[in-house]
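For reference, the structure discussed in these notes is given below.
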Amino acid sequence: VYLGDENLTQETRDLLSSLPSEKGWLVSQMYQYEGSWHTKAMLQGIVNCQKHFEAKDSDIILATIPKSGTTWLKALLFALIHQNKFPVSGNHPLLATNPHVPYLEGDYCVSPDVSFSKLPSPRLMQTHLTHHSLPVSIKSSSCKIVYCCRNPKDVFVSLWHFGKKLAPQETADYPIEKAVEAFCQGKFIGGPFWDHVLEYWYESRKNPNKVLFVTYEELKKQTGDMVKRMAEFLGCGFTAEEEVSEIVKLCSFESLSSLEVNRQWKLPNGIETNAFFRKGETGGWRDTLSESLADVIDRTTEEKFGGSGLNY
Ligand code: A3P
């Protein structure tokens, strides 16, 4: 949480009083805005971002639902698009600081006057917003969107452990069955999962030059090929085979998670950077979810993704 109630504008207070609200799984209270659930603070950020963010044609927006591989993609995209400015073989900024990618609605929680002018060009920014809630200029400009999706069971499990780390007291006695139910109903911060994914999926099919849809699983299986596909989509020009493998190595779970900056640092919002590195595996849900709970998520996935061409 980035700011207290005293920082909410009157407009946001009025908006909040008109929205459905519920006690959440990971937060004390959340509000449903444009179909998704958010904290009060994030709602202020979203409203500010929708009103004030001006996308440039050259911008690159990384969109995800939390726990889908945002941290990994942030690193890969940053290293890729700035490979001339920051050669991977050199003293790369990813080795010393974290993160390099502003979080649009997160940064706007603090103030409506956010400046992204210091970012190296092309500007790379991340968001957890649904496609329909993106600021208008992202959709109307020629900026590019990279969307990363992950197996919903792994997303749930990653979120389950992240919540335990972030809010140990609040989550200690929370039953996992109830958390799965909240997840399947879409009632968690940033949810619902399936609608979020489907919107970007259909956008990527309608407009493949605007939205590139990738999955955590294909990134794991063939990271180098995916880096090349992203380079092509973003028009990064030729990326030599050697550079691709250096980028892949630099951004690997093993490499990033062992860096001092990702083990010991705290972000300005108080979250420890090591919370973003847990196992980094596909199918890791098996350690945490019983077969019957996995079935509950699978049934929702079949129902929601049925006929879309998306398989999980
Ligand atoms: P697990 O909790 O399953 O390990 P996000 O960045 O969207 O919050 O997602 C976090 C998930 O991505 C965590 O998954 C984390 O371990 C994993 N992750 C972080 N960095 C990674 C990397 N370089 N490669 C692969 N997975 C990574």
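Ligands are numbered from 1 in the order shown, chains are lettered A, B, ... in the order of the structure tokens, and residues start at 1 in each chain.
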
Apply DSSP to the structure's backbone, then extract all residues of range 113-289 of chain A labelled strand (DSSP E or B) and return them as a ChimeraX atom specification. /A:124-127,144-149,189,211-215,266,272

If you count only C-alpha atoms, which residues fall within 8 Å of range 44-59 of chain A, apart from same-chain ones fewer than 2 positions away, as a ChimeraX atom specification? /A:8-9,12,40-42,61,104-113,121-125,133-138,141-144

Emit the selected residues as a PDB file, in the first residue's frame, including C-alpha atoms.
ATOM      1  CA  LEU A   8      -7.227  10.284  -1.574  1.00  0.00           C
ATOM      2  CA  THR A   9      -8.836  13.028  -3.638  1.00  0.00           C
ATOM      3  CA  THR A  12     -11.759   9.163  -5.561  1.00  0.00           C
ATOM      4  CA  LYS A  40      -8.181   2.175  -2.215  1.00  0.00           C
ATOM      5  CA  ALA A  41      -4.631   3.323  -2.821  1.00  0.00           C
ATOM      6  CA  MET A  42      -4.384   1.504  -6.125  1.00  0.00           C
ATOM      7  CA  ILE A  61       4.053  -1.556 -22.102  1.00  0.00           C
ATOM      8  CA  LEU A 104       2.220   2.778 -14.162  1.00  0.00           C
ATOM      9  CA  GLU A 105      -0.768   2.748 -11.825  1.00  0.00           C
ATOM     10  CA  GLY A 106       1.537   2.012  -8.877  1.00  0.00           C
ATOM     11  CA  ASP A 107       3.630   5.113  -9.463  1.00  0.00           C
ATOM     12  CA  TYR A 108       0.482   7.192  -9.913  1.00  0.00           C
ATOM     13  CA  CYS A 109      -0.731   6.146  -6.436  1.00  0.00           C
ATOM     14  CA  VAL A 110       1.690   8.646  -4.997  1.00  0.00           C
ATOM     15  CA  SER A 111       0.798  11.652  -7.118  1.00  0.00           C
ATOM     16  CA  PRO A 112      -0.915  12.627 -10.368  1.00  0.00           C
ATOM     17  CA  ASP A 113       2.317  14.378 -11.439  1.00  0.00           C
ATOM     18  CA  SER A 121      14.171   5.684 -24.828  1.00  0.00           C
ATOM     19  CA  PRO A 122      12.213   3.608 -25.715  1.00  0.00           C
ATOM     20  CA  ARG A 123      10.388   3.901 -22.422  1.00  0.00           C
ATOM     21  CA  LEU A 124       9.453   0.559 -20.871  1.00  0.00           C
ATOM     22  CA  MET A 125       6.639   0.537 -18.323  1.00  0.00           C
ATOM     23  CA  SER A 133      -8.908  -0.070 -18.219  1.00  0.00           C
ATOM     24  CA  LEU A 134      -5.685   1.050 -19.929  1.00  0.00           C
ATOM     25  CA  PRO A 135      -5.257   4.818 -20.364  1.00  0.00           C
ATOM     26  CA  VAL A 136      -6.737   5.837 -23.720  1.00  0.00           C
ATOM     27  CA  SER A 137      -3.394   7.002 -25.108  1.00  0.00           C
ATOM     28  CA  ILE A 138      -1.928   3.491 -24.800  1.00  0.00           C
ATOM     29  CA  SER A 141      -0.961   5.580 -29.941  1.00  0.00           C
ATOM     30  CA  SER A 142       1.295   3.168 -31.799  1.00  0.00           C
ATOM     31  CA  CYS A 143       3.011   1.999 -28.617  1.00  0.00           C
ATOM     32  CA  LYS A 144       3.454  -1.751 -28.243  1.00  0.00           C
TER      33      LYS A 144
END

Residues at most 7 Å from ligand 1, using only C-alpha atoms and all ligand atoms? Could they come as a list in words?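 Residues satisfying the distance criterion: Thr64, Ile65, Pro66, Lys67, Ser68, Gly69, Thr70, Thr71, Trp72, Asp154, Val155, Val157, Ser158, Leu159, His161, Phe162, Cys251, Ser252, Phe253, Leu256, Phe276, Phe277, Arg278, Lys279, Gly280, Glu281 and Gly284 of chain A.
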
CA of His100 in chain A to CA of Val244 in chain A: how many Å, to one decimal?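 If I compute the distance from CA of His100 in chain A to CA of Val244 in chain A, I get 19.5 Å.
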
Residues within 12 Å of range 288-295 of chain A, please, as a PyMOL selection string. Count only C-alpha atoms; anything in the same chain fewer than 5 positions from it doesn't count. chain A and resi 151-161+175-181+183-184+283+300-302+312

Limited to N, CA and C atoms, could you put the picked residues into a file as a compact mmCIF listing (two decimals), in the first residue's frame?
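Listed below is the output, again_5.txt:
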# COMPACT_ATOMS: atom_id res chain seq x y z
N ASN A 151 0.12 -20.29 -16.34
CA ASN A 151 -0.83 -21.29 -15.86
C ASN A 151 -1.52 -20.78 -14.58
N PRO A 152 -2.85 -20.73 -14.57
CA PRO A 152 -3.55 -20.17 -13.41
C PRO A 152 -3.25 -20.87 -12.09
N LYS A 153 -2.95 -22.17 -12.13
CA LYS A 153 -2.65 -22.87 -10.88
C LYS A 153 -1.30 -22.36 -10.33
N ASP A 154 -0.35 -22.13 -11.22
CA ASP A 154 0.94 -21.59 -10.77
C ASP A 154 0.80 -20.14 -10.31
N VAL A 155 -0.08 -19.39 -10.99
CA VAL A 155 -0.31 -18.00 -10.57
C VAL A 155 -0.91 -18.00 -9.17
N PHE A 156 -1.91 -18.85 -8.96
CA PHE A 156 -2.54 -18.90 -7.64
C PHE A 156 -1.51 -19.24 -6.56
N VAL A 157 -0.72 -20.28 -6.82
CA VAL A 157 0.24 -20.74 -5.81
C VAL A 157 1.31 -19.67 -5.55
N SER A 158 1.74 -19.01 -6.59
CA SER A 158 2.73 -17.95 -6.43
C SER A 158 2.14 -16.82 -5.57
N LEU A 159 0.89 -16.49 -5.83
CA LEU A 159 0.22 -15.44 -5.08
C LEU A 159 -0.01 -15.86 -3.63
N TRP A 160 -0.32 -17.11 -3.43
CA TRP A 160 -0.55 -17.66 -2.10
C TRP A 160 0.72 -17.48 -1.23
N HIS A 161 1.87 -17.83 -1.80
CA HIS A 161 3.12 -17.72 -1.05
C HIS A 161 3.56 -16.25 -0.91
N PRO A 175 -7.70 -20.16 5.19
CA PRO A 175 -7.67 -21.50 4.58
C PRO A 175 -7.45 -21.44 3.08
N ILE A 176 -6.66 -22.35 2.60
CA ILE A 176 -6.33 -22.36 1.17
C ILE A 176 -7.59 -22.62 0.32
N GLU A 177 -8.55 -23.37 0.87
CA GLU A 177 -9.79 -23.65 0.12
C GLU A 177 -10.53 -22.34 -0.15
N LYS A 178 -10.51 -21.46 0.86
CA LYS A 178 -11.20 -20.18 0.71
C LYS A 178 -10.47 -19.28 -0.29
N ALA A 179 -9.15 -19.40 -0.27
CA ALA A 179 -8.35 -18.59 -1.20
C ALA A 179 -8.59 -19.06 -2.64
N VAL A 180 -8.68 -20.37 -2.83
CA VAL A 180 -8.96 -20.90 -4.18
C VAL A 180 -10.34 -20.43 -4.64
N GLU A 181 -11.29 -20.44 -3.72
CA GLU A 181 -12.64 -19.99 -4.07
C GLU A 181 -12.61 -18.51 -4.48
N PHE A 183 -10.08 -16.87 -5.63
CA PHE A 183 -9.36 -16.78 -6.91
C PHE A 183 -10.30 -17.12 -8.06
N CYS A 184 -11.06 -18.20 -7.90
CA CYS A 184 -11.96 -18.63 -8.99
C CYS A 184 -13.10 -17.65 -9.21
N GLY A 283 4.57 -25.62 -13.28
CA GLY A 283 3.98 -26.81 -12.64
C GLY A 283 4.31 -26.95 -11.17
N THR A 300 -12.73 -24.11 -13.67
CA THR A 300 -12.98 -22.69 -14.00
C THR A 300 -12.26 -22.33 -15.30
N THR A 301 -11.04 -22.84 -15.44
CA THR A 301 -10.27 -22.55 -16.65
C THR A 301 -10.99 -23.09 -17.89
N GLU A 302 -11.47 -24.33 -17.78
CA GLU A 302 -12.17 -24.93 -18.93
C GLU A 302 -13.39 -24.11 -19.30
N TYR A 312 -4.95 -24.44 -21.02
CA TYR A 312 -4.16 -24.62 -19.79
C TYR A 312 -4.68 -25.80 -19.02

Select from range 123-220 of chain A everything DSSP, run on the backbone, classes as alpha helix (DSSP H), then give the selection as an MDAnalysis selection string. chainID A and resid 136:140 152:166 168:172 176:184 193:206 216:220

Show which residues sit within 6 Å of range 211-213 of chain A, as a list of chain:residue names. Count only C-alpha atoms, and ignore same-chain residues fewer than 3 positions away.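 Those residues are A:Ile145, A:Val146, A:Tyr147, A:Ser204, A:Pro208.
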
Just the selected residues (C-alpha atoms), exported as a PDB file, in the first residue's frame, please.
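Written out: result-v9.pdb:
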ATOM      1  CA  ILE A 145       2.105  -4.056 -25.574  1.00  0.00           C
ATOM      2  CA  VAL A 146       3.746  -7.309 -24.479  1.00  0.00           C
ATOM      3  CA  TYR A 147       1.377  -9.465 -22.426  1.00  0.00           C
ATOM      4  CA  SER A 204      -3.328  -9.885 -29.754  1.00  0.00           C
ATOM      5  CA  PRO A 208      -0.841  -8.709 -33.701  1.00  0.00           C
TER       6      PRO A 208
END

If I take CA of Asp287 in chain A and CA of Thr171 in chain A, how far is one from the other in Å, to one decimal? 18.4 Å

A:Leu95, A:Leu19, A:Leu80, A:Leu43: which is nearest Asp5 in chain A, counting only C-alpha atoms? A:Leu43

Taking into account only C-alpha atoms, which residue in the set A:Ala182, A:Val296, A:Leu219, A:Leu94 is nearest to Ala75 in chain A?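 Distance minimum relative to Ala75 in chain A lands on A:Leu94.
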